[in-house]
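Source file start-v4.cif; content: mmCIF, C-alpha atoms and all ligand atoms.
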data_coords
#
loop_
_atom_site.group_PDB
_atom_site.id
_atom_site.type_symbol
_atom_site.label_atom_id
_atom_site.label_comp_id
_atom_site.auth_asym_id
_atom_site.auth_seq_id
_atom_site.Cartn_x
_atom_site.Cartn_y
_atom_site.Cartn_z
ATOM 1 C CA MET A 58 25.749 -46.294 42.919
ATOM 2 C CA ASN A 59 27.506 -43.148 41.788
ATOM 3 C CA THR A 60 26.278 -40.709 39.164
ATOM 4 C CA PRO A 61 25.993 -40.575 36.227
ATOM 5 C CA ILE A 62 23.474 -43.367 36.503
ATOM 6 C CA VAL A 63 21.218 -44.935 33.866
ATOM 7 C CA ILE A 64 17.436 -45.144 34.223
ATOM 8 C CA LYS A 65 15.578 -47.260 31.667
ATOM 9 C CA ALA A 66 11.918 -47.892 31.018
ATOM 10 C CA ASP A 67 11.412 -51.630 31.466
ATOM 11 C CA GLY A 68 9.534 -52.130 28.209
ATOM 12 C CA LEU A 69 9.498 -51.173 24.547
ATOM 13 C CA ALA A 70 10.176 -47.486 24.003
ATOM 14 C CA SER A 71 11.544 -47.265 20.416
ATOM 15 C CA GLY A 72 15.025 -46.601 21.778
ATOM 16 C CA LYS A 73 13.783 -43.531 23.643
ATOM 17 C CA GLY A 74 13.393 -45.002 27.108
ATOM 18 C CA VAL A 75 17.004 -44.632 28.234
ATOM 19 C CA PHE A 76 18.132 -41.719 30.386
ATOM 20 C CA ILE A 77 21.656 -40.930 31.479
ATOM 21 C CA CYS A 78 21.173 -38.900 34.644
ATOM 22 C CA ASN A 79 23.932 -36.706 36.003
ATOM 23 C CA ASN A 80 22.564 -36.340 39.503
ATOM 24 C CA LYS A 81 20.201 -37.971 41.963
ATOM 25 C CA ASN A 82 17.345 -35.500 41.401
ATOM 26 C CA GLU A 83 17.404 -36.048 37.651
ATOM 27 C CA ALA A 84 17.354 -39.795 38.212
ATOM 28 C CA LEU A 85 14.416 -39.571 40.630
ATOM 29 C CA GLN A 86 12.527 -37.364 38.183
ATOM 30 C CA LYS A 87 12.967 -39.920 35.362
ATOM 31 C CA CYS A 88 11.871 -42.788 37.609
ATOM 32 C CA LYS A 89 8.777 -40.785 38.519
ATOM 33 C CA GLU A 90 7.931 -40.051 34.862
ATOM 34 C CA ILE A 91 8.218 -43.724 33.934
ATOM 35 C CA ASN A 92 6.254 -44.764 37.001
ATOM 36 C CA GLN A 93 3.507 -42.293 36.122
ATOM 37 C CA GLY A 94 3.064 -43.910 32.702
ATOM 38 C CA LYS A 95 5.262 -41.945 30.252
ATOM 39 C CA PHE A 96 5.770 -45.211 28.367
ATOM 40 C CA LYS A 97 2.738 -47.283 27.588
ATOM 41 C CA SER A 98 4.684 -50.548 27.652
ATOM 42 C CA SER A 99 5.662 -50.425 31.308
ATOM 43 C CA LYS A 100 5.539 -48.396 34.482
ATOM 44 C CA LYS A 101 8.561 -50.226 35.823
ATOM 45 C CA PHE A 102 12.099 -48.946 35.466
ATOM 46 C CA VAL A 103 15.580 -50.441 35.550
ATOM 47 C CA ILE A 104 18.553 -48.816 37.250
ATOM 48 C CA GLU A 105 21.905 -49.548 35.628
ATOM 49 C CA GLU A 106 25.554 -48.680 36.048
ATOM 50 C CA PHE A 107 26.725 -46.012 33.583
ATOM 51 C CA LEU A 108 29.372 -47.469 31.308
ATOM 52 C CA LEU A 109 31.644 -45.183 29.398
ATOM 53 C CA GLY A 110 33.113 -46.577 26.198
ATOM 54 C CA GLN A 111 32.217 -47.212 22.582
ATOM 55 C CA GLU A 112 28.942 -48.871 21.679
ATOM 56 C CA VAL A 113 29.224 -51.805 19.313
ATOM 57 C CA SER A 114 26.514 -53.966 17.773
ATOM 58 C CA TYR A 115 27.785 -57.521 17.365
ATOM 59 C CA PHE A 116 25.682 -60.063 15.467
ATOM 60 C CA ILE A 117 25.647 -63.822 15.318
ATOM 61 C CA LEU A 118 23.403 -66.305 13.590
ATOM 62 C CA SER A 119 22.532 -69.409 15.580
ATOM 63 C CA ASP A 120 20.831 -72.556 14.307
ATOM 64 C CA GLY A 121 20.363 -73.997 17.797
ATOM 65 C CA LYS A 122 23.433 -76.213 17.457
ATOM 66 C CA ASN A 123 26.165 -73.991 16.072
ATOM 67 C CA TYR A 124 26.605 -70.301 15.503
ATOM 68 C CA LYS A 125 28.370 -67.997 13.092
ATOM 69 C CA PHE A 126 29.535 -64.401 13.262
ATOM 70 C CA PHE A 127 27.151 -62.202 11.300
ATOM 71 C CA GLY A 128 28.845 -58.821 11.183
ATOM 72 C CA SER A 129 29.521 -55.861 13.420
ATOM 73 C CA ALA A 130 28.506 -52.234 13.296
ATOM 74 C CA GLN A 131 28.524 -49.075 15.362
ATOM 75 C CA ASP A 132 25.540 -46.808 15.447
ATOM 76 C CA HIS A 133 24.976 -43.291 16.725
ATOM 77 C CA LYS A 134 21.972 -43.121 19.011
ATOM 78 C CA ARG A 135 22.003 -39.418 19.906
ATOM 79 C CA ILE A 136 20.205 -36.872 17.761
ATOM 80 C CA GLY A 137 22.975 -34.251 17.679
ATOM 81 C CA GLU A 138 26.422 -34.086 16.123
ATOM 82 C CA GLY A 139 29.217 -35.085 18.469
ATOM 83 C CA ASP A 140 26.779 -37.604 19.992
ATOM 84 C CA THR A 141 24.825 -35.005 21.937
ATOM 85 C CA GLY A 142 21.154 -34.531 22.800
ATOM 86 C CA PRO A 143 18.431 -37.090 23.399
ATOM 87 C CA ASN A 144 18.592 -40.736 22.395
ATOM 88 C CA THR A 145 16.890 -41.870 19.206
ATOM 89 C CA GLY A 146 16.386 -45.191 17.476
ATOM 90 C CA GLY A 147 19.725 -44.514 15.684
ATOM 91 C CA MET A 148 20.845 -41.670 13.416
ATOM 92 C CA GLY A 149 23.425 -43.546 11.381
ATOM 93 C CA ALA A 150 25.784 -46.502 11.481
ATOM 94 C CA TYR A 151 28.921 -47.931 9.959
ATOM 95 C CA SER A 152 30.259 -51.426 9.452
ATOM 96 C CA PRO A 153 32.527 -53.101 10.332
ATOM 97 C CA SER A 154 33.333 -51.772 13.783
ATOM 98 C CA ASN A 155 36.999 -50.779 13.862
ATOM 99 C CA ILE A 156 37.502 -51.555 17.557
ATOM 100 C CA ILE A 157 36.778 -55.274 17.518
ATOM 101 C CA THR A 158 40.249 -56.727 17.418
ATOM 102 C CA LYS A 159 40.815 -60.507 17.381
ATOM 103 C CA LYS A 160 41.389 -60.410 21.146
ATOM 104 C CA VAL A 161 38.223 -58.426 21.866
ATOM 105 C CA GLU A 162 36.244 -60.750 19.604
ATOM 106 C CA GLU A 163 37.489 -63.797 21.498
ATOM 107 C CA LYS A 164 36.272 -62.177 24.737
ATOM 108 C CA ILE A 165 32.874 -61.359 23.195
ATOM 109 C CA LYS A 166 32.469 -64.981 22.140
ATOM 110 C CA GLN A 167 33.819 -66.640 25.269
ATOM 111 C CA GLN A 168 32.441 -64.298 27.915
ATOM 112 C CA ILE A 169 29.131 -63.247 26.384
ATOM 113 C CA ILE A 170 27.820 -65.149 23.339
ATOM 114 C CA GLU A 171 28.759 -68.740 24.209
ATOM 115 C CA PRO A 172 27.523 -68.690 27.839
ATOM 116 C CA THR A 173 24.225 -67.184 26.601
ATOM 117 C CA LEU A 174 23.677 -69.848 23.935
ATOM 118 C CA LYS A 175 24.698 -72.566 26.374
ATOM 119 C CA GLY A 176 22.314 -71.203 29.013
ATOM 120 C CA LEU A 177 19.407 -71.095 26.570
ATOM 121 C CA LYS A 178 20.108 -74.677 25.512
ATOM 122 C CA LYS A 179 20.153 -75.741 29.147
ATOM 123 C CA LEU A 180 16.798 -74.058 29.698
ATOM 124 C CA GLY A 181 15.396 -76.186 26.877
ATOM 125 C CA CYS A 182 15.047 -73.372 24.342
ATOM 126 C CA PRO A 183 18.065 -73.451 22.046
ATOM 127 C CA PHE A 184 18.231 -70.130 20.241
ATOM 128 C CA VAL A 185 17.598 -70.070 16.489
ATOM 129 C CA GLY A 186 17.956 -66.790 14.644
ATOM 130 C CA ILE A 187 19.840 -63.521 14.774
ATOM 131 C CA LEU A 188 21.288 -62.563 18.123
ATOM 132 C CA TYR A 189 22.371 -58.934 18.364
ATOM 133 C CA ALA A 190 24.586 -58.165 21.324
ATOM 134 C CA GLY A 191 24.595 -54.472 22.210
ATOM 135 C CA LEU A 192 28.015 -53.976 23.793
ATOM 136 C CA ILE A 193 30.084 -51.270 25.382
ATOM 137 C CA ILE A 194 33.812 -51.682 24.851
ATOM 138 C CA LYS A 195 36.247 -49.929 27.112
ATOM 139 C CA ASP A 196 39.968 -50.671 27.377
ATOM 140 C CA ASN A 197 39.459 -53.753 25.160
ATOM 141 C CA GLN A 198 36.908 -55.205 27.600
ATOM 142 C CA PRO A 199 33.400 -55.833 26.242
ATOM 143 C CA LYS A 200 30.356 -55.498 28.501
ATOM 144 C CA LEU A 201 26.860 -56.508 27.492
ATOM 145 C CA ILE A 202 24.201 -53.800 27.636
ATOM 146 C CA GLU A 203 21.346 -55.616 25.963
ATOM 147 C CA TYR A 204 20.344 -58.343 23.562
ATOM 148 C CA ASN A 205 18.043 -57.874 20.613
ATOM 149 C CA ILE A 206 16.825 -60.586 18.290
ATOM 150 C CA ARG A 207 16.908 -58.673 15.019
ATOM 151 C CA LEU A 208 19.394 -57.004 12.710
ATOM 152 C CA GLY A 209 19.049 -53.509 14.145
ATOM 153 C CA ASP A 210 18.046 -50.298 12.465
ATOM 154 C CA PRO A 211 20.190 -48.639 11.042
ATOM 155 C CA GLU A 212 22.746 -51.465 11.487
ATOM 156 C CA CYS A 213 20.835 -53.749 9.111
ATOM 157 C CA GLN A 214 21.299 -51.309 6.241
ATOM 158 C CA VAL A 215 25.102 -51.319 6.498
ATOM 159 C CA LEU A 216 25.279 -55.075 7.062
ATOM 160 C CA MET A 217 23.197 -55.745 3.959
ATOM 161 C CA MET A 218 25.472 -53.530 1.855
ATOM 162 C CA ARG A 219 28.456 -55.663 2.895
ATOM 163 C CA LEU A 220 26.834 -59.097 2.802
ATOM 164 C CA LYS A 221 27.873 -60.973 -0.343
ATOM 165 C CA THR A 222 26.128 -64.313 0.287
ATOM 166 C CA ASP A 223 22.442 -64.684 -0.504
ATOM 167 C CA LEU A 224 20.570 -63.932 2.752
ATOM 168 C CA LEU A 225 17.830 -66.449 1.994
ATOM 169 C CA LYS A 226 20.414 -69.216 1.597
ATOM 170 C CA ILE A 227 21.821 -68.325 5.016
ATOM 171 C CA ILE A 228 18.387 -68.276 6.667
ATOM 172 C CA LEU A 229 17.477 -71.649 5.151
ATOM 173 C CA ALA A 230 20.783 -73.149 6.318
ATOM 174 C CA CYS A 231 19.964 -71.849 9.788
ATOM 175 C CA LYS A 232 16.538 -73.481 9.677
ATOM 176 C CA LYS A 233 18.089 -76.790 8.579
ATOM 177 C CA LYS A 234 20.678 -76.586 11.380
ATOM 178 C CA GLN A 235 23.495 -76.405 8.838
ATOM 179 C CA ILE A 236 24.972 -73.050 9.650
ATOM 180 C CA ASN A 237 28.410 -74.608 10.231
ATOM 181 C CA LYS A 238 28.374 -75.886 6.624
ATOM 182 C CA THR A 239 27.563 -72.486 5.163
ATOM 183 C CA THR A 240 30.104 -69.865 4.184
ATOM 184 C CA VAL A 241 29.049 -66.289 4.753
ATOM 185 C CA ASN A 242 31.061 -63.822 2.693
ATOM 186 C CA TRP A 243 31.420 -60.141 3.444
ATOM 187 C CA SER A 244 32.768 -57.307 1.331
ATOM 188 C CA ASN A 245 36.069 -55.932 2.606
ATOM 189 C CA LYS A 246 34.752 -52.465 1.865
ATOM 190 C CA LYS A 247 33.256 -50.202 4.515
ATOM 191 C CA ALA A 248 29.616 -49.253 4.653
ATOM 192 C CA ILE A 249 27.988 -46.238 6.197
ATOM 193 C CA THR A 250 24.387 -45.130 6.471
ATOM 194 C CA ILE A 251 23.044 -41.728 7.445
ATOM 195 C CA VAL A 252 19.487 -41.401 8.652
ATOM 196 C CA ALA A 253 17.429 -38.416 7.569
ATOM 197 C CA SER A 254 14.780 -37.736 10.170
ATOM 198 C CA SER A 255 12.133 -35.080 10.245
ATOM 199 C CA LYS A 256 13.073 -31.901 12.129
ATOM 200 C CA GLY A 257 12.101 -32.012 15.780
ATOM 201 C CA TYR A 258 12.531 -35.794 16.108
ATOM 202 C CA PRO A 259 12.659 -37.414 18.684
ATOM 203 C CA ASN A 260 10.840 -34.795 20.795
ATOM 204 C CA LYS A 261 8.217 -33.306 18.517
ATOM 205 C CA GLN A 262 5.450 -35.109 16.684
ATOM 206 C CA SER A 263 6.118 -34.302 13.015
ATOM 207 C CA LYS A 264 3.619 -33.549 10.298
ATOM 208 C CA ILE A 265 3.270 -35.197 6.914
ATOM 209 C CA SER A 266 5.378 -33.387 4.301
ATOM 210 C CA GLU A 267 6.420 -33.990 0.715
ATOM 211 C CA ILE A 268 9.893 -35.251 -0.132
ATOM 212 C CA LYS A 269 11.020 -34.059 -3.555
ATOM 213 C CA ASN A 270 13.917 -35.072 -5.787
ATOM 214 C CA THR A 271 14.392 -38.681 -4.657
ATOM 215 C CA LYS A 272 14.360 -39.646 -8.343
ATOM 216 C CA LYS A 273 17.256 -37.291 -9.001
ATOM 217 C CA ILE A 274 19.544 -39.496 -6.942
ATOM 218 C CA LEU A 275 21.311 -41.818 -9.327
ATOM 219 C CA LEU A 276 22.347 -44.914 -7.516
ATOM 220 C CA ASN A 277 24.965 -47.489 -8.430
ATOM 221 C CA ASN A 278 25.559 -50.912 -6.846
ATOM 222 C CA ASN A 279 27.409 -49.308 -3.967
ATOM 223 C CA GLN A 280 24.673 -46.891 -3.013
ATOM 224 C CA TYR A 281 21.175 -47.322 -1.691
ATOM 225 C CA LEU A 282 18.452 -45.034 -0.439
ATOM 226 C CA PHE A 283 16.368 -47.042 2.024
ATOM 227 C CA HIS A 284 12.891 -45.720 2.775
ATOM 228 C CA SER A 285 11.494 -46.185 6.207
ATOM 229 C CA SER A 286 8.820 -43.743 7.251
ATOM 230 C CA THR A 287 7.589 -42.725 3.785
ATOM 231 C CA PHE A 288 4.498 -43.324 1.716
ATOM 232 C CA LYS A 289 3.478 -42.696 -1.874
ATOM 233 C CA LYS A 290 0.373 -40.788 -2.897
ATOM 234 C CA ASN A 291 -0.482 -39.501 -6.391
ATOM 235 C CA ASN A 292 2.994 -40.537 -7.470
ATOM 236 C CA LYS A 293 4.584 -38.260 -4.884
ATOM 237 C CA ILE A 294 6.659 -39.330 -1.889
ATOM 238 C CA PHE A 295 5.724 -38.103 1.590
ATOM 239 C CA SER A 296 7.315 -38.373 4.997
ATOM 240 C CA SER A 297 5.173 -39.508 7.874
ATOM 241 C CA GLY A 298 7.766 -38.386 10.436
ATOM 242 C CA GLY A 299 10.406 -39.880 12.707
ATOM 243 C CA ARG A 300 13.347 -41.561 11.004
ATOM 244 C CA VAL A 301 12.464 -41.336 7.336
ATOM 245 C CA LEU A 302 15.270 -42.154 4.877
ATOM 246 C CA ASN A 303 18.669 -43.873 5.027
ATOM 247 C CA ALA A 304 21.342 -42.824 2.552
ATOM 248 C CA THR A 305 23.732 -45.760 2.451
ATOM 249 C CA ALA A 306 27.033 -46.276 0.664
ATOM 250 C CA LEU A 307 29.831 -48.789 0.343
ATOM 251 C CA ASN A 308 33.362 -47.662 -0.418
ATOM 252 C CA LYS A 309 36.987 -48.559 0.198
ATOM 253 C CA ASN A 310 37.056 -46.160 3.124
ATOM 254 C CA LEU A 311 34.466 -44.714 5.455
ATOM 255 C CA LYS A 312 35.212 -41.101 4.625
ATOM 256 C CA SER A 313 34.381 -41.542 0.930
ATOM 257 C CA ALA A 314 31.300 -43.568 1.830
ATOM 258 C CA ARG A 315 30.143 -40.822 4.197
ATOM 259 C CA ASP A 316 30.723 -38.110 1.557
ATOM 260 C CA THR A 317 28.558 -40.095 -0.858
ATOM 261 C CA CYS A 318 25.728 -40.354 1.696
ATOM 262 C CA ILE A 319 25.896 -36.647 2.514
ATOM 263 C CA ASN A 320 25.736 -35.773 -1.200
ATOM 264 C CA MET A 321 22.746 -38.045 -1.669
ATOM 265 C CA LEU A 322 20.881 -36.410 1.185
ATOM 266 C CA LYS A 323 21.816 -32.875 0.082
ATOM 267 C CA LYS A 324 20.070 -33.504 -3.240
ATOM 268 C CA ILE A 325 16.799 -34.271 -1.524
ATOM 269 C CA ASN A 326 14.435 -31.360 -1.409
ATOM 270 C CA TRP A 327 12.418 -31.792 1.758
ATOM 271 C CA LYS A 328 11.680 -28.913 4.121
ATOM 272 C CA ASP A 329 11.638 -31.107 7.228
ATOM 273 C CA LYS A 330 14.980 -32.799 6.535
ATOM 274 C CA TYR A 331 17.494 -33.237 9.351
ATOM 275 C CA PHE A 332 20.598 -35.412 9.312
ATOM 276 C CA ARG A 333 23.956 -35.675 11.050
ATOM 277 C CA LYS A 334 27.074 -35.057 8.987
ATOM 278 C CA ASP A 335 29.438 -36.656 11.484
ATOM 279 C CA ILE A 336 28.349 -40.302 11.390
ATOM 280 C CA GLY A 337 31.422 -42.467 11.899
ATOM 281 C CA TRP A 338 33.433 -39.616 13.446
ATOM 282 C CA ARG A 339 35.309 -41.867 15.863
ATOM 283 C CA ALA A 340 36.574 -44.024 13.039
ATOM 284 C CA ILE A 341 37.030 -41.251 10.447
ATOM 285 C CA ASP A 342 37.901 -38.020 12.181
ATOM 286 C CA SER A 343 39.693 -38.927 15.417
HETATM 287 N N1 LIG B 401 20.045 -49.205 16.306
HETATM 288 C C1 LIG B 401 19.726 -49.865 17.460
HETATM 289 C C2 LIG B 401 18.708 -50.894 17.390
HETATM 290 O O1 LIG B 401 18.210 -51.244 16.346
HETATM 291 O O2 LIG B 401 18.348 -51.373 18.440
#
Let's see the structure in the file written out as structure tokens.
Ligand code: GLY
Amino acid sequence: MNTPIVIKADGLASGKGVFICNNKNEALQKCKEINQGKFKSSKKFVIEEFLLGQEVSYFILSDGKNYKFFGSAQDHKRIGEGDTGPNTGGMGAYSPSNIITKKVEEKIKQQIIEPTLKGLKKLGCPFVGILYAGLIIKDNQPKLIEYNIRLGDPECQVLMMRLKTDLLKIILACKKKQINKTTVNWSNKKAITIVASSKGYPNKQSKISEIKNTKKILLNNNQYLFHSSTFKKNNKIFSSGGRVLNATALNKNLKSARDTCINMLKKINWKDKYFRKDIGWRAIDS
């Protein structure tokens, strides 16, 4: 294989076990680190082709018999603006993805989703639940990077802002194998979420620190401040580090939604706050 080349820890690593290596020495070094136990979940590694293109998260809901599209999103895995620096669990996302045309979607279904569901059925374990295809799309051709069986973080936040049908109703229909009889409605508006992490993430272990002013953020139906790594003590909110808050907004266009999120996060008084201001740049700024 040529470089760049991708080395992955073959186990759970909170999204931090993927390394894009620009030369052979770098790749060998990463293999060694994994093999020496850098990740508790596995000492094995996977070597993969480096695919250049846009990352898209494509979701479907399957009841074991039929399946239904359940939204698309694009997240930003790198810590730095311009998609630079180390990988994280995700620093922000937007929905829907603007690069899934009808043609690309047909390919995703025919070449990736349907053969997978068919294969699982054939193996005697028809899939029931959320299937999240992590794709790379280049020149209108989707390639599968990974599957997850969850809604993704921070993709879930933007999907939930756009979902208009009661989620419980959808889940129950899935359980009763009636997904084909259920209509799932989505808002035509765009949603964006920006993650506020503690400074130093993902490299440095962060300390507990107080987050002030969250009550000063006045939210309407199109805005939401999701808490992730926070806790409450003596009526005060504290960060316990990592990815901590998600400012999320729905608007007729992504730029306005992003401005709303940035304003929400600016109001928060927290000394360890770090967030990217360029989430959605491919769709908004290019
Ligand atoms: N944001 C990527 C994931 O949840 O896997």
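Proximity of A:Tyr115, A:Asp342, A:Lys273, A:Lys334 to Asn205 (chain A), computed with all atoms listed in the file, is greatest for A:Tyr115.
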What separates CA of Lys195 (chain A) and CA of Ala306 (chain A) is a distance of 28.2 Å
Test item: residues at most 10 Å from Lys232 (chain A), all atoms listed in the file, excluding those fewer than 5 positions along its chain, as a compact mmCIF listing (two decimals) with C-alpha atoms, keeping the file's coordinate frame:
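Contents of around-v3.txt, freshly written:
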# COMPACT_ATOMS: atom_id res chain seq x y z
CA SER A 119 22.53 -69.41 15.58
CA ASP A 120 20.83 -72.56 14.31
CA GLY A 121 20.36 -74.00 17.80
CA VAL A 185 17.60 -70.07 16.49
CA GLY A 186 17.96 -66.79 14.64
CA LYS A 226 20.41 -69.22 1.60
CA ILE A 227 21.82 -68.32 5.02
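Our summary of the geometry notes that CA of Ile91 (chain A) is positioned 13.8 Å from CA of Cys78 (chain A).
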What do you get, as number ranges by chain, if you spell out every residue that the PyMOL selection byres (((chain A and resi 206) around 9) and not hetatm) selects here? A: 186-190, 204-205, 207-209
Create the file for the chosen residues now, containing C-alpha atoms and written as a compact mmCIF listing (two decimals), keeping the file's coordinate frame.
# COMPACT_ATOMS: atom_id res chain seq x y z
CA GLY A 186 17.96 -66.79 14.64
CA ILE A 187 19.84 -63.52 14.77
CA LEU A 188 21.29 -62.56 18.12
CA TYR A 189 22.37 -58.93 18.36
CA ALA A 190 24.59 -58.16 21.32
CA TYR A 204 20.34 -58.34 23.56
CA ASN A 205 18.04 -57.87 20.61
CA ARG A 207 16.91 -58.67 15.02
CA LEU A 208 19.39 -57.00 12.71
CA GLY A 209 19.05 -53.51 14.14
To box region 92-99 of chain A, take all atoms listed in the file, fit an axis-aligned box, add 4 Å on each side, and give centre and edge lengths in Å to one decimal, as JSON.
{"center_x": 4.5, "center_y": -46.2, "center_z": 32.3, "size_x": 11.5, "size_y": 16.6, "size_z": 17.4}
Nearest residue to Arg219 (chain A) from the set A:His133, A:Lys87, A:Lys200, A:Lys309 (distances using all atoms listed in the file): A:Lys309
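Separating CA of Leu224 (chain A) from CA of Gly128 (chain A) is a distance of 12.9 Å.
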